[in-house]
Each structure stands twice: as structure tokens, then as C-alpha cells.
Amino acid sequence: MRITRRIGRGEPVALTIGNFDGVHLGHQAMIARLKRVTSRLGITSCVMTFEPHPRECLMPEQAPARLTDLREKLELLAGYGVGRVQICRFDHEFAGISAESFITRILLQEMNVRWLLVGEDFRFGARRSGDLALLQKFFSEPDELEVMPPVTMDELRVSSTAVRDALVSGNLDLAADLLGRPYSISGRVVDGIKLGKKLGFPTANIRLKHHHLPLSGIFVVEASWCNDSGHTRRIRGVASVGVRPTIFEHAQLLLEVHLFDFDEQIYGQRLRVDFLQKLRDEEKFPDMETLVKQIERDVDRARAYFSRMDAAMHQTICLDC
């Protein structure tokens with residue numbers, strides 16, 4: 001997948017535009033439609049996205065929690081077969097571009113867009129003044145502009161907001177259904193204060209780039225990373241997303257993962273953590289002994305979750321035999 005940050009005249013593209021936060025089933029449906037058209041037209045599929053999120057620039061106090069950082073988003077888009085991603089730096093200057101100039105200068109002149117796919121509620125340009133009616137004036141041929149209807153699941157519209165709401169409420173199954181995969185966070189393992197090891201539960205610590213996340217608490221997880229041999233390792237565990245209130249008065253948000261039956265050094269590895277079930281909210285305990293006992297219960301519940309999952313999978317395999 002080709003990634004471009006500078007907009008300039010190039011090969012013709014079939015384009016779709018959006019934040020693509022989370023790359024959920026609705027986004028995946030748009031990508032699938034985009035790829036079918038590019039295969040027919042013989043041109044490159046392209047996604048235009050924005051960094052930072054427009055609301056992080058214009059209304060930072062109202063900006064939504066990110067489902068994916070830029071790297072995670074790009075990895076997902078590449079995995080779904082997008083040919084090119086155009087990253088537009090969203091700042092006040094970009095926000096001030098008129099709707100007509102966005103079409104004529106950016107889409108037609110610089111991006112060389114031959115076919116455009118947008119959602120029903122797509123708005124663009126300064127003060128969000130551009131709409132479908134304006135696009136239709138410039139993409140007037142029958143096969144130049146397509147509007148994608150919303151993707152729904154049991155009457156729920158699939159959207160980044162719906163995924164965030166599911167995560168906030170602790171409904172990880174619904175979030176996974178909307179995403180088409182478990183919700184995950186990726187990052188590099190960093191050195192910590194090693195308190196977990198002293199307590200008998202060593203953790204891989206991942207410092208989070210964004211301190212506004214859609215979930216917090218204690219979770220059943222599965223972590224994966226690519227080892228030095230190029231093979232993907234997958235280890236089950238339990239994780240905490242929070243500020244560790246029993247230990248610190250004020251601390252930055254941290255993801256800590258205790259991997260079951262694992263005692264290797266993985267500092268510097270880029271870990272992906274899939275969140276499978278929420279166990280509880282983060283709590284402040286009166287002392288370290290109470291904290292350790294609760295961690296033991298969390299580990300037992302996580303192991304029981306995987307035992308049930310393995311038993312169900314084994315039963316399914318036996319029924320298929």
C-alpha cells in the first residue's frame with residue numbers, strides 16, 4: 001500500500017473519504033465497493049483520511065476517544081487491500097478551504113479523482129458547507145459518484161460512535177461484532193517499575209499515545225507479536241487499562257498485560273492486545289495485600305474464560321467430524 005502525505009497530481013484514482021477510525025464493518029463495506037470499482041476501471045483505490053481527527057483540531061474538548069491511532073489505521077487499511085492512502089494534515093488552514101475549492105482543486109486537479117464514493121451524511125469544506133448536491137454538480141456523469149448507504153446490524157447503524165459506546169459500556173462482544181474483529185490496542189513494550197513482578201504478576205507495559213481511550217478497567221486479553229524469527233506469537237492473559245490508583249495518586253494512563261505462563265524479555269517488541277471480555281472496573285484498594293488477592297481472582301476468572309472457550313471450540317470440532 002502506498003502512503004502519501006503531500007497532495008499532488010498523479011495517477012487517476014477511485015476515492016473514498018473519511019476518518020476511518022476503527023475501520024469497522026461500515027468502512028470495510030466501503031473499501032470492498034471501492035476495490036470492485038477499481039478492478040473494473042483499472043485505476044488505483046485510494047482512501048483519504050485526516051490526521052489529527054478534525055474535532056481534535058477544531059473542538060479538542062469534544063474530540064472523541066480514538067479507536068485506532070494512525071499506525072493501526074494504516075495497518076488495517078493495508079490488510080483490507082487499499083492501494084493508496086492519502087493522509088491530509090488537518091489544521092485550521094485545511095479547515096478553511098471552501099467546499100468548491102476542495103472539489104475543484106484537491107479532488108479533481110490534485111488528486112485526479114475519476115470515481116468518488118461517500119456516505120449519505122458526508123459534509124466537507126469550511127463550516128461543513130459542502131454536501132451531496134454540490135458534489136453532484138461536479139461529478140455529474142452517471143458513473144462518477146456513488147453514495148454508500150449505512151451498514152446496519154440488528155437495526156443498529158455500524159459507526160465509530162456505536163463502537164465507542166459499546167466499549168464504554170463494557171460490551172466487548174458487540175464492539176467485536178461491529179468491528180468484525182476484537183477491539184485491540186497496539187504499542188511497544190517499555191520498561192516499567194517492575195512492581196508486578198515483585199507481586200508475582202509480571203506485566204508487559206505499553207505506554208499509550210492517546211490518553212483518551214474508549215475503555216478502562218481489567219480485561220481478558222490475547223496478545224500477539226512477531227518474534228525475531230518472523231513468526232507470530234500469541235499468548236493469553238489479563239490486562240489493566242488505567243492509572244493504578246492503589247499505587248499512585250496521579251499517573252499517566254498505562255496498558256499493563258500479564259501473560260500467562262510466560263517468562264521472556266520482550267522489551268521493544270510491538271505488541272497487539274485483543275480485548276475479549278471485561279472483568280471489572282479499576283479500583284483503589286486499601287493495601288497491597290488486598291490488591292494481590294484481587295489480581296489472583298482476576299487471573300482465575302480469565303483462565304476460566306479461556307477454558308470455556310476451548311471447551312466450546314472442541315465441541316464444535318467434534319460436531320463437524
# chains A, B, ... in the order shown; residues from 1 in each chain; ligands from 1

$ residues_around --residues "Gly8 (chain A)" --least-positions-apart "5" --cutoff "12 Å" --atoms "only C-alpha atoms" --output "list of chain:residue names"
A:Gln86, A:Cys88, A:Arg105, A:Ile106, A:Leu107, A:Leu108, A:Gln109, A:Glu110, A:Met111, A:Asn112, A:Val113

$ select_by_dssp --residues "region 106-221 of chain A" --states "helix (DSSP H, G or I)" --output "PyMOL selection string"
chain A and resi 106-110+126-128+132-138+160-168+172-179+195-198

$ write_last_selection --atoms "N, CA and C atoms" --output "short mmCIF file (atom, residue, chain, number, x, y, z; two decimals), in the first residue's frame"
data_model
loop_
_atom_site.label_atom_id
_atom_site.label_comp_id
_atom_site.auth_asym_id
_atom_site.auth_seq_id
_atom_site.Cartn_x
_atom_site.Cartn_y
_atom_site.Cartn_z
N ILE A 106 -8.54 20.16 -4.93
CA ILE A 106 -7.97 18.98 -4.28
C ILE A 106 -8.42 17.69 -4.95
N LEU A 107 -9.73 17.50 -5.11
CA LEU A 107 -10.22 16.23 -5.64
C LEU A 107 -9.94 16.09 -7.14
N LEU A 108 -10.31 17.09 -7.92
CA LEU A 108 -10.22 16.96 -9.37
C LEU A 108 -8.83 17.28 -9.91
N GLN A 109 -8.25 18.41 -9.50
CA GLN A 109 -6.96 18.82 -10.06
C GLN A 109 -5.80 18.06 -9.46
N GLU A 110 -5.73 18.00 -8.14
CA GLU A 110 -4.55 17.43 -7.49
C GLU A 110 -4.66 15.91 -7.26
N ALA A 126 -15.11 24.38 4.39
CA ALA A 126 -15.22 25.31 5.51
C ALA A 126 -16.65 25.33 6.04
N ARG A 127 -16.74 25.24 7.39
CA ARG A 127 -18.03 25.23 8.09
C ARG A 127 -18.94 24.10 7.61
N ARG A 128 -18.33 23.04 7.07
CA ARG A 128 -19.06 21.86 6.61
C ARG A 128 -20.17 22.25 5.64
N LEU A 132 -23.87 16.61 -0.69
CA LEU A 132 -24.01 15.75 -1.87
C LEU A 132 -24.47 16.53 -3.09
N ALA A 133 -25.36 17.50 -2.88
CA ALA A 133 -25.86 18.29 -4.00
C ALA A 133 -24.72 19.02 -4.70
N LEU A 134 -23.77 19.54 -3.94
CA LEU A 134 -22.64 20.24 -4.54
C LEU A 134 -21.74 19.26 -5.27
N LEU A 135 -21.49 18.09 -4.67
CA LEU A 135 -20.66 17.08 -5.34
C LEU A 135 -21.27 16.67 -6.68
N GLN A 136 -22.58 16.55 -6.71
CA GLN A 136 -23.26 16.11 -7.93
C GLN A 136 -23.11 17.10 -9.08
N LYS A 137 -22.85 18.37 -8.76
CA LYS A 137 -22.63 19.37 -9.82
C LYS A 137 -21.30 19.12 -10.54
N PHE A 138 -20.34 18.61 -9.82
CA PHE A 138 -19.00 18.41 -10.40
C PHE A 138 -18.78 16.97 -10.85
N SER A 160 -18.36 4.44 14.13
CA SER A 160 -17.31 4.56 15.15
C SER A 160 -17.93 4.92 16.49
N THR A 161 -18.98 5.74 16.48
CA THR A 161 -19.66 6.11 17.72
C THR A 161 -20.28 4.89 18.38
N ALA A 162 -20.91 4.01 17.58
CA ALA A 162 -21.51 2.80 18.14
C ALA A 162 -20.45 1.90 18.76
N VAL A 163 -19.28 1.81 18.13
CA VAL A 163 -18.18 1.00 18.69
C VAL A 163 -17.73 1.61 20.02
N ARG A 164 -17.55 2.94 20.05
CA ARG A 164 -17.12 3.60 21.30
C ARG A 164 -18.13 3.35 22.40
N ASP A 165 -19.41 3.50 22.09
CA ASP A 165 -20.45 3.30 23.11
C ASP A 165 -20.41 1.88 23.65
N ALA A 166 -20.19 0.90 22.78
CA ALA A 166 -20.11 -0.49 23.23
C ALA A 166 -18.91 -0.69 24.15
N LEU A 167 -17.78 -0.08 23.82
CA LEU A 167 -16.57 -0.22 24.64
C LEU A 167 -16.74 0.47 25.99
N VAL A 168 -17.33 1.66 25.99
CA VAL A 168 -17.55 2.38 27.23
C VAL A 168 -18.44 1.58 28.18
N LEU A 172 -17.86 -5.86 25.02
CA LEU A 172 -16.81 -6.15 24.05
C LEU A 172 -17.29 -7.06 22.93
N ASP A 173 -18.29 -7.89 23.20
CA ASP A 173 -18.84 -8.74 22.14
C ASP A 173 -19.49 -7.89 21.06
N LEU A 174 -20.28 -6.89 21.45
CA LEU A 174 -20.90 -6.01 20.47
C LEU A 174 -19.84 -5.22 19.71
N ALA A 175 -18.84 -4.71 20.42
CA ALA A 175 -17.77 -3.97 19.75
C ALA A 175 -17.08 -4.86 18.70
N ALA A 176 -16.83 -6.11 19.05
CA ALA A 176 -16.19 -7.03 18.10
C ALA A 176 -17.08 -7.30 16.90
N ASP A 177 -18.39 -7.41 17.14
CA ASP A 177 -19.32 -7.62 16.03
C ASP A 177 -19.30 -6.43 15.08
N LEU A 178 -19.26 -5.22 15.62
CA LEU A 178 -19.28 -4.01 14.79
C LEU A 178 -17.96 -3.83 14.03
N LEU A 179 -16.86 -4.25 14.66
CA LEU A 179 -15.54 -4.11 14.04
C LEU A 179 -15.22 -5.26 13.09
N LEU A 195 6.89 -3.48 39.55
CA LEU A 195 6.13 -3.82 40.75
C LEU A 195 5.34 -5.10 40.54
N GLY A 196 4.81 -5.29 39.32
CA GLY A 196 4.05 -6.50 39.05
C GLY A 196 4.86 -7.76 39.29
N LYS A 197 6.13 -7.73 38.89
CA LYS A 197 6.99 -8.89 39.10
C LYS A 197 7.20 -9.16 40.58
N LYS A 198 7.35 -8.09 41.37
CA LYS A 198 7.53 -8.24 42.81
C LYS A 198 6.28 -8.83 43.45
#

$ residues_around --residues "region 213-228 of chain A" --least-positions-apart "2" --cutoff "9 Å" --atoms "only C-alpha atoms" --output "PyMOL selection string"
chain A and resi 64-67+163-170+210-211+230-242+257+259+266+269-283+298-299+301-303+305-306

$ residues_around --residues "region 26-39 of chain A" --least-positions-apart "4" --cutoff "8 Å" --atoms "only C-alpha atoms" --output "ChimeraX atom specification"
/A:13-16,20,43-45,80-82,117,148,150-151,158-159

$ write_last_selection --atoms "all heavy atoms" --output "CSV table (one decimal), in the first residue's frame"
chain,number,residue,atom,x,y,z
A,13,VAL,N,-7.5,8.0,-9.6
A,13,VAL,CA,-7.9,7.1,-8.5
A,13,VAL,C,-9.4,7.1,-8.4
A,13,VAL,O,-10.1,8.0,-8.8
A,13,VAL,CB,-7.3,7.7,-7.2
A,13,VAL,CG1,-5.7,7.6,-7.2
A,13,VAL,CG2,-7.8,9.0,-6.9
A,14,ALA,N,-9.8,6.0,-7.8
A,14,ALA,CA,-11.2,5.9,-7.2
A,14,ALA,C,-11.0,6.2,-5.8
A,14,ALA,O,-10.2,5.5,-5.1
A,14,ALA,CB,-11.8,4.5,-7.5
A,15,LEU,N,-11.8,7.1,-5.2
A,15,LEU,CA,-11.5,7.6,-3.9
A,15,LEU,C,-12.7,7.5,-3.0
A,15,LEU,O,-13.9,7.7,-3.4
A,15,LEU,CB,-11.2,9.1,-4.0
A,15,LEU,CG,-10.9,9.9,-2.7
A,15,LEU,CD1,-9.5,9.4,-2.1
A,15,LEU,CD2,-10.9,11.4,-2.9
A,16,THR,N,-12.5,7.2,-1.7
A,16,THR,CA,-13.5,7.4,-0.7
A,16,THR,C,-12.8,8.2,0.4
A,16,THR,O,-11.6,8.2,0.6
A,16,THR,CB,-14.0,6.1,-0.1
A,16,THR,OG1,-15.1,6.4,0.7
A,16,THR,CG2,-13.0,5.3,0.6
A,20,PHE,N,-12.2,7.0,9.1
A,20,PHE,CA,-12.0,5.6,9.1
A,20,PHE,C,-11.4,5.2,10.5
A,20,PHE,O,-10.6,4.3,10.6
A,20,PHE,CB,-11.0,5.2,8.0
A,20,PHE,CG,-11.7,5.1,6.7
A,20,PHE,CD1,-12.0,6.2,5.9
A,20,PHE,CD2,-12.1,3.8,6.2
A,20,PHE,CE1,-12.6,6.1,4.7
A,20,PHE,CE2,-12.8,3.7,5.0
A,20,PHE,CZ,-13.0,4.9,4.2
A,43,ILE,N,-8.0,1.4,-12.3
A,43,ILE,CA,-7.3,2.5,-11.6
A,43,ILE,C,-7.1,2.2,-10.2
A,43,ILE,O,-7.5,1.1,-9.7
A,43,ILE,CB,-8.1,3.8,-11.7
A,43,ILE,CG1,-9.5,3.7,-11.1
A,43,ILE,CG2,-8.2,4.3,-13.2
A,43,ILE,CD1,-10.3,5.0,-11.2
A,44,THR,N,-6.4,3.0,-9.4
A,44,THR,CA,-5.9,2.7,-8.1
A,44,THR,C,-7.0,3.1,-7.1
A,44,THR,O,-7.7,4.1,-7.2
A,44,THR,CB,-4.7,3.6,-7.7
A,44,THR,OG1,-3.6,3.2,-8.6
A,44,THR,CG2,-4.2,3.3,-6.3
A,45,SER,N,-7.2,2.2,-6.1
A,45,SER,CA,-8.1,2.5,-5.0
A,45,SER,C,-7.4,3.4,-4.0
A,45,SER,O,-6.3,3.2,-3.7
A,45,SER,CB,-8.6,1.2,-4.3
A,45,SER,OG,-7.5,0.5,-3.7
A,80,TYR,N,-6.9,-4.7,4.4
A,80,TYR,CA,-8.1,-4.8,3.6
A,80,TYR,C,-7.9,-4.5,2.1
A,80,TYR,O,-8.9,-4.4,1.3
A,80,TYR,CB,-9.2,-4.0,4.2
A,80,TYR,CG,-9.7,-4.5,5.5
A,80,TYR,CD1,-9.6,-3.7,6.7
A,80,TYR,CD2,-10.3,-5.7,5.6
A,80,TYR,CE1,-10.1,-4.2,7.9
A,80,TYR,CE2,-10.7,-6.2,6.8
A,80,TYR,CZ,-10.6,-5.4,8.0
A,80,TYR,OH,-11.0,-5.9,9.2
A,81,GLY,N,-6.7,-4.3,1.7
A,81,GLY,CA,-6.3,-4.2,0.3
A,81,GLY,C,-6.5,-2.9,-0.4
A,81,GLY,O,-6.6,-2.8,-1.6
A,82,VAL,N,-6.4,-1.8,0.4
A,82,VAL,CA,-6.4,-0.5,-0.2
A,82,VAL,C,-5.1,-0.2,-0.9
A,82,VAL,O,-4.0,-0.5,-0.4
A,82,VAL,CB,-6.6,0.6,0.9
A,82,VAL,CG1,-6.5,2.0,0.4
A,82,VAL,CG2,-8.0,0.4,1.6
A,117,LEU,N,-16.7,7.8,-3.9
A,117,LEU,CA,-17.7,7.1,-3.0
A,117,LEU,C,-17.7,7.8,-1.7
A,117,LEU,O,-16.7,8.0,-1.0
A,117,LEU,CB,-17.2,5.6,-2.8
A,117,LEU,CG,-18.1,4.8,-1.8
A,117,LEU,CD1,-19.5,4.6,-2.4
A,117,LEU,CD2,-17.4,3.4,-1.6
A,148,MET,N,-22.9,5.6,-0.5
A,148,MET,CA,-23.0,4.4,0.2
A,148,MET,C,-24.0,4.5,1.3
A,148,MET,O,-23.9,5.3,2.2
A,148,MET,CB,-21.6,4.0,0.8
A,148,MET,CG,-21.5,2.7,1.4
A,148,MET,SD,-21.1,1.4,0.2
A,148,MET,CE,-20.9,0.0,1.2
A,150,PRO,N,-25.9,3.4,4.8
A,150,PRO,CA,-25.3,2.9,6.1
A,150,PRO,C,-25.4,1.4,6.2
A,150,PRO,O,-26.3,0.8,5.7
A,150,PRO,CB,-26.2,3.6,7.2
A,150,PRO,CG,-26.9,4.7,6.5
A,150,PRO,CD,-27.1,4.3,5.1
A,151,VAL,N,-24.4,0.8,6.8
A,151,VAL,CA,-24.4,-0.6,7.2
A,151,VAL,C,-25.1,-0.7,8.5
A,151,VAL,O,-24.7,0.0,9.5
A,151,VAL,CB,-23.0,-1.2,7.2
A,151,VAL,CG1,-23.0,-2.6,7.6
A,151,VAL,CG2,-22.4,-1.1,5.8
A,158,VAL,N,-23.9,0.7,12.0
A,158,VAL,CA,-22.5,0.5,12.3
A,158,VAL,C,-21.7,1.8,12.2
A,158,VAL,O,-21.7,2.4,11.1
A,158,VAL,CB,-21.9,-0.6,11.4
A,158,VAL,CG1,-20.4,-0.8,11.7
A,158,VAL,CG2,-22.7,-1.9,11.5
A,159,SER,N,-21.1,2.3,13.2
A,159,SER,CA,-20.4,3.5,13.2
A,159,SER,C,-19.3,3.5,14.2
A,159,SER,O,-19.3,2.7,15.2
A,159,SER,CB,-21.3,4.7,13.4
A,159,SER,OG,-21.8,4.7,14.8

$ closest_residue --among "A:Gly192, A:Pro245, A:Gly268, A:Gly119" --to "Phe285 (chain A)" --atoms "only C-alpha atoms"
A:Pro245

$ atom_distance --atom1 "CA of Phe90 (chain A)" --atom2 "CA of Thr49 (chain A)"
9.3 Å

$ closest_residue --among "A:Thr4, A:Thr246, A:Ser229, A:Gln315" --to "Lys284 (chain A)" --atoms "only C-alpha atoms"
A:Thr246

$ atom_distance --atom1 "CA of Asp69 (chain A)" --atom2 "CA of Pro54 (chain A)"
13.9 Å

$ residues_around --residues "Leu74 (chain A)" --least-positions-apart "5" --cutoff "9 Å" --atoms "only C-alpha atoms" --output "list in words"
Met1, Ile3, Asp69, Gly79 and Val85 of chain A

$ atom_distance --atom1 "CA of Gly42 (chain A)" --atom2 "CA of Trp115 (chain A)"
11.5 Å

$ select_by_dssp --residues "region 160-241 of chain A" --states "strand (DSSP E)" --output "compact mmCIF listing (two decimals) with N, CA, C and O atoms, in the first residue's frame"
# COMPACT_ATOMS: atom_id res chain seq x y z
N TYR A 183 -11.70 -5.72 19.53
CA TYR A 183 -11.06 -4.42 19.69
C TYR A 183 -9.64 -4.64 20.22
O TYR A 183 -9.40 -5.50 21.07
N SER A 184 -8.69 -3.88 19.70
CA SER A 184 -7.30 -4.08 20.09
C SER A 184 -6.58 -2.75 20.27
O SER A 184 -7.00 -1.72 19.74
N ILE A 185 -5.50 -2.79 21.02
CA ILE A 185 -4.58 -1.66 21.17
C ILE A 185 -3.18 -2.20 20.89
O ILE A 185 -2.82 -3.29 21.36
N SER A 186 -2.39 -1.44 20.13
CA SER A 186 -1.02 -1.85 19.82
C SER A 186 -0.03 -0.82 20.33
O SER A 186 -0.33 0.37 20.41
N GLY A 187 1.15 -1.30 20.67
CA GLY A 187 2.20 -0.39 21.11
C GLY A 187 3.45 -1.16 21.50
O GLY A 187 3.42 -2.40 21.60
N ARG A 188 4.52 -0.43 21.74
CA ARG A 188 5.79 -1.07 22.10
C ARG A 188 5.86 -1.30 23.61
O ARG A 188 5.44 -0.47 24.40
N VAL A 189 6.44 -2.43 23.97
CA VAL A 189 6.62 -2.77 25.38
C VAL A 189 7.77 -1.93 25.93
O VAL A 189 8.87 -1.91 25.37
N VAL A 190 7.50 -1.23 27.04
CA VAL A 190 8.51 -0.35 27.65
C VAL A 190 8.86 -0.86 29.04
O VAL A 190 8.11 -1.63 29.65
N ALA A 204 3.81 -6.83 30.88
CA ALA A 204 4.36 -6.09 29.75
C ALA A 204 3.63 -4.77 29.71
O ALA A 204 2.39 -4.72 29.63
N ASN A 205 4.37 -3.67 29.80
CA ASN A 205 3.77 -2.34 29.89
C ASN A 205 3.81 -1.64 28.54
O ASN A 205 4.86 -1.61 27.87
N ILE A 206 2.69 -1.07 28.14
CA ILE A 206 2.60 -0.33 26.89
C ILE A 206 2.13 1.08 27.21
O ILE A 206 1.01 1.28 27.70
N ARG A 207 3.00 2.05 26.93
CA ARG A 207 2.63 3.45 27.14
C ARG A 207 1.71 3.88 26.01
O ARG A 207 2.00 3.64 24.83
N GLY A 217 -10.29 -0.38 32.74
CA GLY A 217 -10.64 -1.45 33.65
C GLY A 217 -9.73 -2.65 33.49
O GLY A 217 -8.61 -2.54 32.98
N ILE A 218 -10.24 -3.82 33.89
CA ILE A 218 -9.48 -5.07 33.86
C ILE A 218 -10.15 -6.01 32.86
O ILE A 218 -11.38 -6.19 32.90
N PHE A 219 -9.33 -6.66 32.00
CA PHE A 219 -9.87 -7.39 30.87
C PHE A 219 -9.19 -8.73 30.65
O PHE A 219 -8.00 -8.90 30.97
N VAL A 220 -9.95 -9.66 30.07
CA VAL A 220 -9.38 -10.88 29.50
C VAL A 220 -8.84 -10.51 28.12
O VAL A 220 -9.54 -9.88 27.33
N VAL A 221 -7.59 -10.91 27.83
CA VAL A 221 -6.98 -10.48 26.57
C VAL A 221 -6.19 -11.61 25.94
O VAL A 221 -5.89 -12.63 26.58
N GLU A 222 -5.84 -11.39 24.68
CA GLU A 222 -4.88 -12.24 23.99
C GLU A 222 -3.89 -11.30 23.30
O GLU A 222 -4.32 -10.41 22.56
N ALA A 223 -2.61 -11.48 23.56
CA ALA A 223 -1.57 -10.61 22.99
C ALA A 223 -0.82 -11.34 21.89
O ALA A 223 -0.63 -12.56 21.95
N SER A 224 -0.40 -10.59 20.89
CA SER A 224 0.36 -11.19 19.80
C SER A 224 1.47 -10.24 19.37
O SER A 224 1.36 -9.02 19.49
N TRP A 225 2.56 -10.81 18.88
CA TRP A 225 3.68 -10.04 18.36
C TRP A 225 4.49 -10.93 17.44
O TRP A 225 4.37 -12.15 17.45
N CYS A 226 5.31 -10.29 16.64
CA CYS A 226 6.16 -11.02 15.71
C CYS A 226 7.54 -11.19 16.35
O CYS A 226 8.20 -10.19 16.68
N THR A 232 4.55 -15.22 14.31
CA THR A 232 3.65 -14.53 15.22
C THR A 232 3.43 -15.38 16.48
O THR A 232 3.06 -16.55 16.40
N ARG A 233 3.70 -14.79 17.63
CA ARG A 233 3.43 -15.44 18.91
C ARG A 233 2.11 -14.93 19.45
O ARG A 233 1.81 -13.75 19.37
N ARG A 234 1.31 -15.81 20.03
CA ARG A 234 0.05 -15.44 20.65
C ARG A 234 0.02 -16.02 22.06
O ARG A 234 0.20 -17.22 22.24
N ILE A 235 -0.20 -15.15 23.04
CA ILE A 235 -0.22 -15.57 24.44
C ILE A 235 -1.46 -14.98 25.11
O ILE A 235 -1.78 -13.80 24.93
N ARG A 236 -2.14 -15.78 25.89
CA ARG A 236 -3.31 -15.33 26.62
C ARG A 236 -2.92 -14.63 27.91
O ARG A 236 -1.83 -14.86 28.44
N GLY A 237 -3.84 -13.81 28.42
CA GLY A 237 -3.51 -13.12 29.65
C GLY A 237 -4.65 -12.28 30.18
O GLY A 237 -5.81 -12.42 29.77
N VAL A 238 -4.30 -11.42 31.10
CA VAL A 238 -5.23 -10.47 31.69
C VAL A 238 -4.55 -9.10 31.66
O VAL A 238 -3.33 -9.01 31.80
N ALA A 239 -5.34 -8.05 31.43
CA ALA A 239 -4.73 -6.73 31.25
C ALA A 239 -5.49 -5.67 32.04
O ALA A 239 -6.69 -5.81 32.33
N SER A 240 -4.76 -4.63 32.35
CA SER A 240 -5.34 -3.46 33.02
C SER A 240 -5.10 -2.23 32.16
O SER A 240 -3.99 -2.00 31.68
N VAL A 241 -6.16 -1.45 31.96
CA VAL A 241 -6.04 -0.13 31.33
C VAL A 241 -6.47 0.89 32.37
O VAL A 241 -7.64 0.93 32.75

$ closest_residue --among "A:Phe248, A:Thr290, A:Leu156, A:Thr316" --to "Ile193 (chain A)" --atoms "only C-alpha atoms"
A:Phe248

$ closest_residue --among "A:Arg114, A:Gly125, A:Leu70, A:Leu145" --to "Ile97 (chain A)" --atoms "only C-alpha atoms"
A:Gly125

$ closest_residue --among "A:Thr152, A:His258, A:Pro182, A:Val243" --to "Thr203 (chain A)" --atoms "only C-alpha atoms"
A:His258
